[in-house]
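Visitor: Provided herewith is a single structure, encoded as structure tokens, for subsequent inquiry.
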Amino acid sequence: MEWTIWAGFAAGLLISTVTAPVGVSGAVFLLPVQLSLLGVPSPAVTPTNLLFNVVAGPGALWRYRRNGALRGSLARRLVAWTLPGVIAGATIRVFALPGPDVFRLLVAAFLLPLGTWLCLRTLRPARTRPEAAVPSAPALAALALTVGMVGGIYGIGGGSLLGPILAARGIPLARIAPATLAATFTTSIAGAATYTVLGLASPGPVAPDWWLGLASGAGGLIGGYLGARLQPRLPETALRLLLGTLAAALGALYAVQSLS
């Protein structure tokens, strides 16, 4: 229906404007909108969300690239390890995990305490050693691989999980945001392609809702650019509080949905 296309565009625009400054594509917040409001069936909601990331991602990334924020090894390392994870996750999603209930409960259990803790730590920062901020190469690889798999299963890109974890380690959000968005963009391309191939062999609704994914992605493209442009103007404390609040709010939302 035409109203769902415009609703998807508006949701993508609003969500990406708010989430792009903290390195989150917004797909994790678009997921409940698609499931509850727009009526996208499961598991087709997952590739539709990945399609949103593919279309929306270049807006923020182009802005971050112009600022020189994409330089450095963090983005390359995240991309390298999230890619195999998202392909494995997409396969698991189609053949083993068709329902969203377990996902909602797991995300609630993870993001609600993490977001709350991140807000509290931002308001009352602890003294940390600078060298302890960045995870070791094996730890970062394991983290990115796991997040890529979760993103492939549920179509959330991974930035909403990577962002709070890396921010909790003390890494500046000016460094986190471009890296997590780059990982989200590349893994979403791989995930969407994997779902398209798997859709040829599965009888269920596996292929994305193309019109809705493109419409919401177009909104996200504009919103992501605007959010990335706003990021340098926002203080680090405000960005960390925003990320923590978004994570805790999403965790609370999924907790209510999984228990209702």
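Just so we're on the same page: first chain in the structure tokens is A, next is B, and so on; residues restart at 1 for each chain, and ligands are numbered from 1 in the order they show up.
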List every residue of region 156-234 of chain A that has an atom at most 12 Å from any atom of region 63-81 of chain A, giving for each one its closest atom pair and the distance in Å to one decimal, counting only C-alpha atoms, sorted by chain and then by ascending residue number, as a Markdown table.
Guide:
```
| residue | atom | partner | partner_atom | distance |
| --- | --- | --- | --- | --- |
| A:Gly157 | CA | A:Val79 | CA | 11.3 |
| A:Gly158 | CA | A:Leu78 | CA | 10.2 |
| A:Gly159 | CA | A:Leu78 | CA | 10.3 |
| A:Leu162 | CA | A:Leu78 | CA | 9.3 |
| A:Gly163 | CA | A:Leu78 | CA | 11.5 |
| A:Leu166 | CA | A:Leu74 | CA | 10.7 |
| A:Ile171 | CA | A:Leu74 | CA | 10.8 |
| A:Pro172 | CA | A:Ala69 | CA | 11.7 |
| A:Leu173 | CA | A:Ala69 | CA | 10.7 |
| A:Ala174 | CA | A:Ala69 | CA | 7.3 |
| A:Arg175 | CA | A:Ala69 | CA | 6.8 |
| A:Ile176 | CA | A:Leu74 | CA | 8.1 |
| A:Ala177 | CA | A:Ala69 | CA | 8.8 |
| A:Pro178 | CA | A:Leu70 | CA | 5.7 |
| A:Ala179 | CA | A:Ala75 | CA | 4.0 |
| A:Thr180 | CA | A:Ala75 | CA | 6.8 |
| A:Leu181 | CA | A:Ala75 | CA | 8.5 |
| A:Ala182 | CA | A:Ala75 | CA | 6.4 |
| A:Ala183 | CA | A:Val79 | CA | 4.6 |
| A:Thr184 | CA | A:Val79 | CA | 8.0 |
| A:Phe185 | CA | A:Val79 | CA | 8.9 |
| A:Thr186 | CA | A:Val79 | CA | 6.8 |
| A:Thr187 | CA | A:Val79 | CA | 7.2 |
| A:Ser188 | CA | A:Val79 | CA | 10.7 |
| A:Ile189 | CA | A:Val79 | CA | 11.5 |
| A:Ala190 | CA | A:Val79 | CA | 11.0 |
| A:Leu221 | CA | A:Arg63 | CA | 11.0 |
| A:Ile222 | CA | A:Arg63 | CA | 11.0 |
| A:Gly223 | CA | A:Arg63 | CA | 11.5 |
| A:Gly224 | CA | A:Arg63 | CA | 8.7 |
| A:Tyr225 | CA | A:Arg63 | CA | 6.1 |
| A:Leu226 | CA | A:Arg63 | CA | 8.6 |
| A:Gly227 | CA | A:Arg63 | CA | 9.3 |
| A:Ala228 | CA | A:Arg63 | CA | 6.2 |
| A:Arg229 | CA | A:Arg63 | CA | 6.6 |
| A:Leu230 | CA | A:Arg63 | CA | 10.1 |
| A:Gln231 | CA | A:Tyr64 | CA | 9.5 |
| A:Pro232 | CA | A:Asn67 | CA | 9.4 |
```
Visitor: I'd like to know which residues of region 9-245 of chain A are helix (DSSP H, G or I) (by DSSP, run on the backbone); could you write them as a VMD selection string?
Guide: chain A and resid 9 to 22 27 to 37 45 to 66 73 to 95 101 to 123 130 to 132 137 to 154 159 to 168 173 to 199 210 to 233 236 to 245
Visitor: Nearest residue to Pro21 (chain A) out of A:Leu123, A:Leu241, A:Leu51, A:Ala193, using only C-alpha atoms?
Guide: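 Using only C-alpha atoms, Pro21 (chain A) sits closest to A:Leu241.
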Visitor: Calculate how many Å separate CA of Phe52 (chain A) from CA of Pro208 (chain A), rounding to one decimal.
Guide: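 Result for CA of Phe52 (chain A) versus CA of Pro208 (chain A): 9.9 Å, one decimal.
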Visitor: One decimal, in Å: what's the spacing between CA of Ala109 (chain A) and CA of Pro164 (chain A)?
Guide: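 These atoms are spaced 13.9 Å apart.
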Visitor: Measuring between only C-alpha atoms, which one of A:Leu140, A:Leu105, A:Leu239, A:Val256 shows the shortest distance to Ile165 (chain A)?
Guide: A:Leu140
Visitor: At a cut-off of 12 Å, using only C-alpha atoms, what residues contact Trp117 (chain A)? Leave out same-chain residues fewer than 6 positions from it and give the result as a PyMOL selection string.
Guide: chain A and resi 110-111+123-126+164-165+167-169+240-241+243-245+247-248
Visitor: Which residues are near region 25-34 of chain A? Cut-off 8 Å, only C-alpha atoms, ignore same chain within fewer than 5 positions. Put them as a ChimeraX atom specification.
Guide: /A:11-12,15-16,19-20,39-40,45-46,49-50,52-53,56-57,155-157,159-160,181,184,224,250
Visitor: Please write the residues from the selection above to a file, keeping N, CA and C atoms, as an mmCIF file, in the first residue's frame.
Guide:
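Result written to result19.cif:
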```
data_model
loop_
_atom_site.group_PDB
_atom_site.id
_atom_site.type_symbol
_atom_site.label_atom_id
_atom_site.label_comp_id
_atom_site.auth_asym_id
_atom_site.auth_seq_id
_atom_site.Cartn_x
_atom_site.Cartn_y
_atom_site.Cartn_z
ATOM 1 N N ALA A 11 10.010 6.934 8.583
ATOM 2 C CA ALA A 11 10.672 6.242 9.683
ATOM 3 C C ALA A 11 12.176 6.174 9.445
ATOM 4 N N GLY A 12 12.586 5.860 8.209
ATOM 5 C CA GLY A 12 14.005 5.795 7.898
ATOM 6 C C GLY A 12 14.701 7.139 8.077
ATOM 7 N N ILE A 15 14.758 8.031 12.053
ATOM 8 C CA ILE A 15 15.620 7.145 12.838
ATOM 9 C C ILE A 15 17.088 7.363 12.490
ATOM 10 N N SER A 16 17.420 7.470 11.207
ATOM 11 C CA SER A 16 18.821 7.622 10.807
ATOM 12 C C SER A 16 19.408 8.950 11.253
ATOM 13 N N THR A 19 20.321 8.317 14.894
ATOM 14 C CA THR A 19 21.280 7.257 15.225
ATOM 15 C C THR A 19 22.633 7.375 14.520
ATOM 16 N N ALA A 20 22.695 8.018 13.358
ATOM 17 C CA ALA A 20 23.961 8.100 12.620
ATOM 18 C C ALA A 20 25.095 8.751 13.422
ATOM 19 N N GLY A 39 3.662 -4.468 9.002
ATOM 20 C CA GLY A 39 3.205 -5.822 8.704
ATOM 21 C C GLY A 39 4.103 -6.635 7.799
ATOM 22 N N VAL A 40 5.417 -6.412 7.840
ATOM 23 C CA VAL A 40 6.334 -7.217 7.037
ATOM 24 C C VAL A 40 6.456 -8.596 7.682
ATOM 25 N N VAL A 45 11.339 -9.769 6.983
ATOM 26 C CA VAL A 45 11.690 -8.509 7.622
ATOM 27 C C VAL A 45 13.207 -8.345 7.734
ATOM 28 N N THR A 46 13.920 -9.464 7.863
ATOM 29 C CA THR A 46 15.379 -9.383 8.010
ATOM 30 C C THR A 46 16.059 -8.871 6.744
ATOM 31 N N ASN A 49 15.303 -5.201 6.189
ATOM 32 C CA ASN A 49 16.120 -4.334 7.029
ATOM 33 C C ASN A 49 17.536 -4.203 6.465
ATOM 34 N N LEU A 50 18.082 -5.304 5.965
ATOM 35 C CA LEU A 50 19.408 -5.245 5.364
ATOM 36 C C LEU A 50 19.403 -4.380 4.107
ATOM 37 N N PHE A 52 17.476 -1.824 3.664
ATOM 38 C CA PHE A 52 17.481 -0.456 4.207
ATOM 39 C C PHE A 52 18.911 0.007 4.478
ATOM 40 N N ASN A 53 19.706 -0.854 5.112
ATOM 41 C CA ASN A 53 21.088 -0.487 5.416
ATOM 42 C C ASN A 53 21.907 -0.220 4.158
ATOM 43 N N ALA A 56 20.648 3.166 2.757
ATOM 44 C CA ALA A 56 20.841 4.297 3.662
ATOM 45 C C ALA A 56 22.313 4.547 3.989
ATOM 46 N N GLY A 57 23.126 3.496 3.992
ATOM 47 C CA GLY A 57 24.500 3.610 4.465
ATOM 48 C C GLY A 57 25.361 4.663 3.802
ATOM 49 N N GLY A 155 18.988 -9.011 10.860
ATOM 50 C CA GLY A 155 18.947 -7.863 9.970
ATOM 51 C C GLY A 155 19.147 -6.528 10.638
ATOM 52 N N ILE A 156 20.002 -6.481 11.664
ATOM 53 C CA ILE A 156 20.165 -5.232 12.393
ATOM 54 C C ILE A 156 21.492 -4.541 12.078
ATOM 55 N N GLY A 157 22.292 -5.122 11.187
ATOM 56 C CA GLY A 157 23.526 -4.461 10.794
ATOM 57 C C GLY A 157 24.662 -4.671 11.766
ATOM 58 N N GLY A 159 25.736 -2.332 14.198
ATOM 59 C CA GLY A 159 26.224 -1.116 14.840
ATOM 60 C C GLY A 159 25.592 -0.871 16.194
ATOM 61 N N SER A 160 24.330 -1.272 16.371
ATOM 62 C CA SER A 160 23.658 -1.061 17.648
ATOM 63 C C SER A 160 24.248 -1.926 18.742
ATOM 64 N N LEU A 181 29.463 1.995 11.142
ATOM 65 C CA LEU A 181 28.600 2.204 9.982
ATOM 66 C C LEU A 181 29.194 1.560 8.733
ATOM 67 N N THR A 184 28.485 -2.087 9.101
ATOM 68 C CA THR A 184 27.058 -2.321 8.861
ATOM 69 C C THR A 184 26.747 -2.301 7.374
ATOM 70 N N GLY A 224 20.880 9.803 7.383
ATOM 71 C CA GLY A 224 22.241 9.451 7.762
ATOM 72 C C GLY A 224 23.231 10.561 7.460
ATOM 73 N N LEU A 250 15.744 0.595 23.508
ATOM 74 C CA LEU A 250 15.466 -0.543 22.636
ATOM 75 C C LEU A 250 15.349 -1.828 23.448
#
```
